[in-house]
Each structure stands twice: as structure tokens, then as C-alpha cells.
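Next up, my_file_25.cif (mmCIF, C-alpha atoms):
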```cif
data_work
loop_
_atom_site.label_atom_id
_atom_site.label_comp_id
_atom_site.auth_asym_id
_atom_site.auth_seq_id
_atom_site.Cartn_x
_atom_site.Cartn_y
_atom_site.Cartn_z
CA MET A 1 0.00 0.00 0.00
CA GLU A 2 1.51 3.27 -1.11
CA LEU A 3 0.40 6.85 -1.65
CA GLU A 4 1.10 8.72 -4.84
CA GLN A 5 4.53 10.33 -4.70
CA SER A 6 3.07 13.73 -5.56
CA PHE A 7 0.79 13.60 -2.50
CA LEU A 8 3.62 12.42 -0.26
CA LYS A 9 6.09 15.05 -1.39
CA LYS A 10 3.52 17.82 -1.06
CA ASN A 11 2.67 16.84 2.50
CA MET A 12 5.95 15.76 4.09
CA MET A 13 7.11 17.93 6.97
CA GLY A 14 10.30 16.00 7.64
CA PRO A 15 11.59 12.45 7.07
CA ASN A 16 8.88 10.52 5.24
CA ALA A 17 6.20 9.85 7.88
CA TRP A 18 4.45 7.30 5.65
CA CYS A 19 7.62 5.24 5.42
CA ILE A 20 8.20 5.51 9.18
CA ALA A 21 4.59 4.55 9.88
CA GLN A 22 4.95 1.38 7.83
CA GLU A 23 7.87 0.17 9.93
CA LEU A 24 6.50 1.38 13.25
CA ALA A 25 3.11 -0.25 12.67
CA HIS A 26 4.59 -3.63 11.77
CA ASP A 27 3.03 -6.34 13.98
CA LEU A 28 0.82 -3.89 15.91
CA GLN A 29 -2.39 -5.46 17.17
CA LEU A 30 -4.87 -2.90 15.87
CA HIS A 31 -8.26 -3.60 14.30
CA PRO A 32 -11.47 -1.82 13.26
CA GLY A 33 -13.43 -0.42 16.18
CA MET A 34 -10.36 0.71 18.09
CA ARG A 35 -9.70 4.39 18.86
CA VAL A 36 -6.11 5.51 18.26
CA LEU A 37 -4.54 8.84 19.14
CA ASP A 38 -2.13 10.02 16.44
CA LEU A 39 -0.18 12.54 18.48
CA GLY A 40 1.63 15.27 16.58
CA CYS A 41 0.20 14.06 13.27
CA GLY A 42 1.43 17.00 11.17
CA ARG A 43 -0.29 16.87 7.78
CA GLY A 44 -1.83 13.53 8.59
CA LEU A 45 0.25 11.01 6.62
CA SER A 46 0.47 8.68 9.62
CA SER A 47 -3.26 9.10 10.32
CA ILE A 48 -4.08 8.14 6.74
CA TYR A 49 -1.84 5.09 7.04
CA LEU A 50 -3.52 3.91 10.26
CA ALA A 51 -7.02 4.37 8.81
CA LYS A 52 -6.23 2.67 5.50
CA HIS A 53 -4.13 -0.19 6.87
CA PHE A 54 -6.01 -1.06 10.07
CA GLY A 55 -9.44 0.54 9.67
CA VAL A 56 -9.17 2.10 13.14
CA GLU A 57 -10.78 5.37 14.21
CA VAL A 58 -7.97 7.93 14.40
CA PHE A 59 -7.94 11.15 16.42
CA ALA A 60 -5.36 13.19 14.49
CA VAL A 61 -3.97 15.78 16.92
CA ASP A 62 -1.51 18.51 15.99
CA LEU A 63 -0.74 21.93 17.43
CA TRP A 64 0.22 23.70 14.22
CA THR A 65 -1.85 22.12 11.43
CA LYS A 66 -5.35 23.46 10.85
CA PRO A 67 -8.14 20.86 11.08
CA ASP A 68 -9.73 22.16 7.87
CA ASP A 69 -6.51 21.50 5.97
CA ASN A 70 -6.12 17.99 7.36
CA PHE A 71 -9.78 17.20 6.75
CA SER A 72 -9.27 18.10 3.08
CA ARG A 73 -6.34 15.69 2.92
CA PHE A 74 -8.30 12.94 4.67
CA THR A 75 -11.19 13.46 2.26
CA GLU A 76 -8.85 13.31 -0.72
CA MET A 77 -7.52 9.97 0.54
CA GLY A 78 -11.01 8.61 1.30
CA VAL A 79 -10.58 8.26 5.08
CA GLU A 80 -12.65 11.23 6.24
CA ASN A 81 -15.11 8.90 8.03
CA LEU A 82 -12.33 7.32 10.08
CA VAL A 83 -10.08 10.25 10.99
CA VAL A 84 -11.02 13.16 13.27
CA PRO A 85 -8.76 16.20 12.70
CA LEU A 86 -8.04 18.19 15.87
CA GLN A 87 -5.85 21.14 16.73
CA MET A 88 -4.64 21.07 20.32
CA ASP A 89 -1.60 21.18 22.57
CA ALA A 90 -0.09 17.77 23.38
CA LEU A 91 0.58 19.02 26.91
CA HIS A 92 -3.15 19.49 27.52
CA LEU A 93 -5.21 16.63 26.09
CA PRO A 94 -8.90 16.93 27.01
CA PHE A 95 -9.84 13.27 26.63
CA ALA A 96 -11.62 11.00 29.09
CA LYS A 97 -9.72 8.55 31.24
CA GLY A 98 -9.16 5.30 29.36
CA PHE A 99 -10.52 6.72 26.09
CA PHE A 100 -7.93 5.34 23.67
CA ASP A 101 -6.99 1.81 22.63
CA GLY A 102 -3.63 3.03 21.41
CA VAL A 103 -1.30 5.96 20.84
CA PHE A 104 0.83 6.40 17.73
CA SER A 105 3.30 9.23 17.29
CA ILE A 106 5.85 9.95 14.58
CA ASP A 107 8.59 12.59 14.56
CA ALA A 108 6.90 14.70 17.24
CA TYR A 109 7.12 13.07 20.67
CA HIS A 110 10.57 14.50 21.46
CA TYR A 111 9.12 18.03 21.36
CA PHE A 112 6.79 17.52 24.32
CA GLY A 113 7.70 14.19 25.92
CA ASN A 114 11.45 14.40 26.52
CA ASN A 115 11.06 14.44 30.29
CA ASP A 116 10.37 12.06 33.18
CA THR A 117 6.67 12.82 33.64
CA TYR A 118 4.84 13.31 30.32
CA PHE A 119 4.14 9.69 29.49
CA GLU A 120 3.00 8.75 32.99
CA LYS A 121 1.09 11.94 33.85
CA VAL A 122 -0.40 13.01 30.51
CA LEU A 123 -0.64 10.00 28.19
CA MET A 124 -1.20 6.99 30.45
CA PRO A 125 -4.43 8.30 32.02
CA ILE A 126 -6.20 8.52 28.65
CA LEU A 127 -5.05 5.04 27.55
CA LYS A 128 -6.91 1.83 28.37
CA PRO A 129 -5.15 -1.05 30.10
CA GLU A 130 -3.49 -3.12 27.36
CA ALA A 131 -3.51 -0.07 25.05
CA VAL A 132 -0.96 -0.21 22.23
CA VAL A 133 1.92 2.29 22.38
CA ALA A 134 4.01 2.96 19.25
CA ILE A 135 6.27 6.01 19.09
CA ALA A 136 9.05 7.02 16.70
CA PHE A 137 11.25 10.09 16.90
CA PRO A 138 14.67 11.38 15.83
CA GLY A 139 17.55 10.50 18.10
CA MET A 140 21.25 9.94 18.45
CA LYS A 141 23.31 6.78 18.26
CA TYR A 142 24.84 7.75 21.62
CA GLU A 143 24.66 10.67 24.05
CA ILE A 144 26.57 13.44 22.37
CA HIS A 145 25.77 16.57 24.36
CA SER A 146 29.02 16.70 26.32
CA ASN A 147 31.17 16.15 23.24
CA ILE A 148 29.53 17.69 20.18
CA PRO A 149 31.55 17.06 17.00
CA GLU A 150 32.98 20.31 15.67
CA GLU A 151 31.73 19.68 12.14
CA MET A 152 28.12 19.35 13.38
CA LYS A 153 28.00 22.48 15.53
CA PRO A 154 26.91 24.74 12.63
CA PHE A 155 23.86 22.53 12.03
CA TRP A 156 22.68 21.61 15.52
CA GLU A 157 21.01 24.41 17.43
CA SER A 158 21.35 23.95 21.18
CA GLU A 159 17.58 24.07 21.70
CA ALA A 160 17.00 21.30 19.17
CA LEU A 161 19.91 19.23 20.41
CA GLU A 162 18.37 19.08 23.88
CA MET A 163 15.54 17.03 22.37
CA TRP A 164 17.74 14.43 20.63
CA HIS A 165 18.86 11.53 22.78
CA SER A 166 20.00 7.92 22.60
CA ILE A 167 18.09 4.70 23.19
CA ASP A 168 19.71 4.36 26.64
CA TRP A 169 18.40 7.82 27.59
CA TRP A 170 14.84 7.05 26.49
CA ARG A 171 14.53 3.49 27.80
CA PRO A 172 13.90 4.20 31.51
CA LYS A 173 11.14 6.68 30.68
CA PHE A 174 8.98 3.92 29.19
CA GLU A 175 10.15 0.48 30.25
CA PRO A 176 8.59 0.60 33.76
CA HIS A 177 5.16 1.35 32.28
CA LEU A 178 5.00 -1.03 29.32
CA LYS A 179 4.87 -4.78 28.95
CA ASP A 180 6.36 -6.40 25.85
CA PHE A 181 8.53 -3.30 25.70
CA CYS A 182 11.06 -2.92 22.91
CA ILE A 183 13.13 0.00 21.69
CA SER A 184 15.48 0.07 18.71
CA GLU A 185 16.94 2.03 15.84
CA MET A 186 14.70 2.10 12.79
CA HIS A 187 15.80 0.47 9.56
CA CYS A 188 13.98 3.06 7.43
CA PHE A 189 16.26 5.95 8.46
CA ASP A 190 18.02 6.25 5.10
CA LYS A 191 14.88 5.95 3.00
CA ALA A 192 12.79 8.29 5.16
CA TRP A 193 15.49 10.97 5.00
CA SER A 194 16.22 10.41 1.30
CA ASP A 195 12.54 10.87 0.45
CA TRP A 196 12.43 14.10 2.45
CA LEU A 197 15.64 15.49 0.98
CA SER A 198 14.35 14.84 -2.55
CA CYS A 199 11.49 17.32 -1.98
CA ASP A 200 11.72 20.93 -3.09
CA ASN A 201 10.51 22.03 0.34
CA PRO A 202 12.84 24.81 1.56
CA TYR A 203 13.27 23.06 4.92
CA ALA A 204 14.35 19.89 3.14
CA ILE A 205 16.88 21.86 1.11
CA GLU A 206 18.13 23.42 4.33
CA ASP A 207 18.64 19.94 5.85
CA LEU A 208 20.82 18.68 2.99
CA PRO A 209 24.20 19.96 4.29
CA MET A 210 23.48 18.63 7.79
CA MET A 211 22.72 15.12 6.58
CA LYS A 212 25.69 15.10 4.21
CA THR A 213 28.03 16.15 7.02
CA ASP A 214 26.54 13.64 9.47
CA GLY A 215 27.09 10.83 6.98
CA GLY A 216 25.24 8.30 9.13
CA ARG A 217 27.61 8.72 12.08
CA TYR A 218 25.48 10.36 14.76
CA MET A 219 21.78 10.74 13.99
CA ASN A 220 19.18 7.99 13.85
CA LEU A 221 15.47 7.29 14.19
CA ILE A 222 14.30 5.51 17.34
CA GLN A 223 11.15 3.45 17.72
CA LEU A 224 9.58 2.07 20.86
CA LYS A 225 6.57 -0.18 21.33
CA GLY A 226 4.68 -1.91 24.08
CA LYS A 227 1.36 -2.18 25.87
CA ILE A 228 0.11 -0.46 29.00
CA TYR A 229 0.19 -2.77 32.01
CA ARG A 230 -3.24 -3.81 33.18
CA VAL A 231 -2.07 -3.25 36.75
CA THR A 232 0.56 -0.55 37.41
CA PRO A 233 3.78 -2.34 38.40
CA THR A 234 5.12 -1.83 41.90
CA GLY A 235 7.59 1.01 42.14
CA SER A 236 6.59 2.74 38.89
#
```

Could you render the structure from this file as C-alpha cells?
Amino acid sequence: MELEQSFLKKNMMGPNAWCIAQELAHDLQLHPGMRVLDLGCGRGLSSIYLAKHFGVEVFAVDLWTKPDDNFSRFTEMGVENLVVPLQMDALHLPFAKGFFDGVFSIDAYHYFGNNDTYFEKVLMPILKPEAVVAIAFPGMKYEIHSNIPEEMKPFWESEALEMWHSIDWWRPKFEPHLKDFCISEMHCFDKAWSDWLSCDNPYAIEDLPMMKTDGGRYMNLIQLKGKIYRVTPTGS
């Protein structure tokens, strides 16, 4: 299942979210009738994927993208009856306790969840026991903040760098709360970035020198998956 390249290129906001969604969603136990929160959905590529591939009801939440614009995209792709476009702040999610059967997030979580409390205090309350968790975000192959390579300093703003971390940094923020937990580098890194860099989007053009200089040495994409424990484990 693929989208037309013209639609993809027009609606990418970074590394190809459709490509990332395909890998992240592999082996997820989702089915029609489930409600899934697509958190930080951007222009809705991941929401379209979830609706088309699994037939789930998707709540497509983004702070910056207008619901009217996303609804037009969902209508164009024939999933307007499955995807609800919403504009809201990920730090303040007005959903009922236990409302969602799953949360899916691509290339956004690091903006609002790179701390010790967001997952437990904000996301977990609105997820059902056994809810599916699948999150992918940009990261680093190892913690680099205390020894930033000189050649990368022109490309990495300090504010952005604070959000990029390694698997070892992220692991303890999720592992206590999820069963069947796994976290790993994503195999689609090269393709997702290559697709993005082939766009004529000015932000993609701006990213070209950074990725060429990095040369696969430092940056990666990280994915994590699991399910919410039915009973909160002792000491979490």
C-alpha cells in the first residue's frame, strides 16, 4: 500500500512519515473499532496510514496544522469517516480517562515528551489497560551533548539538540510502564530521510548539508513499542 509520490512530497514535513509509519506499525495489534490517538500528526500522513491499513478510528492531533486542511487531505484519501482532525496542545489533552486503545506518534514526541513525567502523567491516564503504544522520533546513536563534533555544531542548534537523545536515555522513561517493551533504531532511516531530501521544500533543502556532514555517524530514528500494564507495576 503506497500513496502517490506527488501527494507524499507535497505533505511531508520531515523524514517521510508514511515510510516511518509502515515500519512502526509492523506487527501492531490494531483492528477496526479501536480508537487511536495520532499525536503530533502533522499533515496527517500517519493518520491516513492507520485508517487505510487497520481501519481504526484515528484522532489526528496537531498543534500547528489546521483541522480544515487535514480534513481536506483525509477526504482526498477517502478516510474522512475514520479520521477526526483536531488542533490542540499535546501538553493538555482533554480526553476522558481510558478513552484510547492506542497511541501512535511519529517525529513529534521528542518536542513535548522528553522528560520524566509526560508519558506517565499526561498519556497513560487517557489510555486503556493493554492499550498499544508505538512512538518514533529522531535520536542519536549515543549521548553526544558533552562532546559535540565540531563539524556538526553549525547545524545543531542547542535548543534542538536538547531534544535528541539515545536509546539508553529514552529506555527508563517507558520500560517501567509497558509490557512487551522494545526499543530500537529504525531500519527506514536512510529511505525516510532520502525521500524528504528529494522534496523541493525549503526546509528539506536546508537539511541537505546537515545530513551530508553527518554521513550516518550520529543521527538515527528511534522506535519504541509496548502495551500499558493492566495493573501498574510496583515502584513505577

If we count only C-alpha atoms and set the cut-off at 9 Å, which residues sit around segment 198-200 of chain A, ignoring sequence neighbours fewer than 5 positions away in its own chain? Please answer as an mmCIF file with C-alpha atoms, in the coordinates of the input.
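As written to disk, result.cif reads:
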```
data_model
loop_
_atom_site.group_PDB
_atom_site.id
_atom_site.type_symbol
_atom_site.label_atom_id
_atom_site.label_comp_id
_atom_site.auth_asym_id
_atom_site.auth_seq_id
_atom_site.Cartn_x
_atom_site.Cartn_y
_atom_site.Cartn_z
ATOM 1 C CA LYS A 9 6.090 15.050 -1.390
ATOM 2 C CA LYS A 10 3.520 17.820 -1.060
ATOM 3 C CA MET A 12 5.950 15.760 4.090
ATOM 4 C CA TRP A 193 15.490 10.970 5.000
ATOM 5 C CA ILE A 205 16.880 21.860 1.110
#
```

task: Run the PyMOL selection byres ((chain A and resi 89) around 10) on the file and write out the hits as a VMD selection string.
output: chain A and resid 39 to 40 61 to 64 86 to 88 90 to 94 112

message: Could you list, as a ChimeraX atom specification, every residue within 12 Å of segment 128-133 of chain A, counting only C-alpha atoms and ignoring same-chain residues fewer than 5 positions away?
response: /A:24-25,27-31,34-39,95-106,119,123,174-175,177-183,223-232

task: Name the residues that the PyMOL selection byres ((chain A and resi 139) around 10) picks from the file above, as a PyMOL selection string, using the file's chain letters and numbers.
output: chain A and resi 107+110+136-138+140-143+161+163-167+169-170+185+218-223

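For the structure in this document, the set picked by the PyMOL selection byres ((chain A and resi 120) around 10) is Asp116, Thr117, Tyr118, Phe119, Lys121, Val122, Leu123, Met124, Pro125, Lys173, Phe174, Pro176, His177 and Ser236 of chain A.
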
Could you save the residues just selected, with C-alpha atoms, as an mmCIF file, in the frame of the given file?
```cif
data_model
loop_
_atom_site.group_PDB
_atom_site.id
_atom_site.type_symbol
_atom_site.label_atom_id
_atom_site.label_comp_id
_atom_site.auth_asym_id
_atom_site.auth_seq_id
_atom_site.Cartn_x
_atom_site.Cartn_y
_atom_site.Cartn_z
ATOM 1 C CA ASP A 116 10.370 12.060 33.180
ATOM 2 C CA THR A 117 6.670 12.820 33.640
ATOM 3 C CA TYR A 118 4.840 13.310 30.320
ATOM 4 C CA PHE A 119 4.140 9.690 29.490
ATOM 5 C CA LYS A 121 1.090 11.940 33.850
ATOM 6 C CA VAL A 122 -0.400 13.010 30.510
ATOM 7 C CA LEU A 123 -0.640 10.000 28.190
ATOM 8 C CA MET A 124 -1.200 6.990 30.450
ATOM 9 C CA PRO A 125 -4.430 8.300 32.020
ATOM 10 C CA LYS A 173 11.140 6.680 30.680
ATOM 11 C CA PHE A 174 8.980 3.920 29.190
ATOM 12 C CA PRO A 176 8.590 0.600 33.760
ATOM 13 C CA HIS A 177 5.160 1.350 32.280
ATOM 14 C CA SER A 236 6.590 2.740 38.890
#
```

field: Straight-line distance linking atom CA of Pro67 of chain A with atom CA of Glu159 of chain A, stated in Å to one decimal
entry: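 Calculated distance between atom CA of Pro67 of chain A and atom CA of Glu159 of chain A is 28.0 Å.
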
query: Which is closer to Glu76 of chain A than all the others in A:Phe155, A:Tyr49, A:Phe7, A:Phe189, using all atoms listed in the file?
result: A:Phe7

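The residue that comes closest to Val84 of chain A, out of A:Met210, A:Ala108, A:Val56, A:Cys188 and on the basis of only C-alpha atoms, is A:Val56.
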
task: May I ask for the distance between atom CA of Pro149 of chain A and atom CA of Tyr111 of chain A, given in Å to one decimal place?
output: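 Computed distance, atom CA of Pro149 of chain A to atom CA of Tyr111 of chain A, equals 22.9 Å.
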
query: Using all atoms listed in the file, which of the listed residues (A:Ser194, A:Asn81, A:Thr65, A:Ser72) sits closest to Pro15 of chain A?
result: A:Ser194

field: For atom CA of Tyr109 of chain A and atom CA of Ile135 of chain A, the interatomic separation in Å (one decimal)
entry: 7.3 Å

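Checking A:Lys191, A:Gln5, A:Asp214, A:Ser47 one by one against Ile148 of chain A, counting only C-alpha atoms, you find the shortest gap at A:Asp214.
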
query: Between A:Ser146, A:Ser46, A:Asn70, A:Thr75, which is the closest to Ala17 of chain A once you count only C-alpha atoms?
result: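 Of A:Ser146, A:Ser46, A:Asn70, A:Thr75, the one nearest Ala17 of chain A is A:Ser46, counting only C-alpha atoms.
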
message: Set the distance at 12 Å and use only C-alpha atoms: which residues neighbour Lys52 of chain A once local chain neighbours fewer than 4 positions away are removed? I'd like the list as a list in words.
response: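 Close residues of Lys52 of chain A: Met1, Glu2, Leu3, Trp18, Ala21, Gln22, Leu30, His31, Pro32, Leu45, Ser46, Ser47, Ile48, Val56, Glu57, Val58, Phe74, Met77, Gly78, Val79, Glu80, Asn81, Leu82 and Val83 of chain A.
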
message: For a quick check of understanding, using all atoms listed in the file, which of A:Cys19, A:Ile126, A:Asn11, A:Tyr203 has the smallest distance to Met186 of chain A?
response: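 Closest candidate: A:Cys19.
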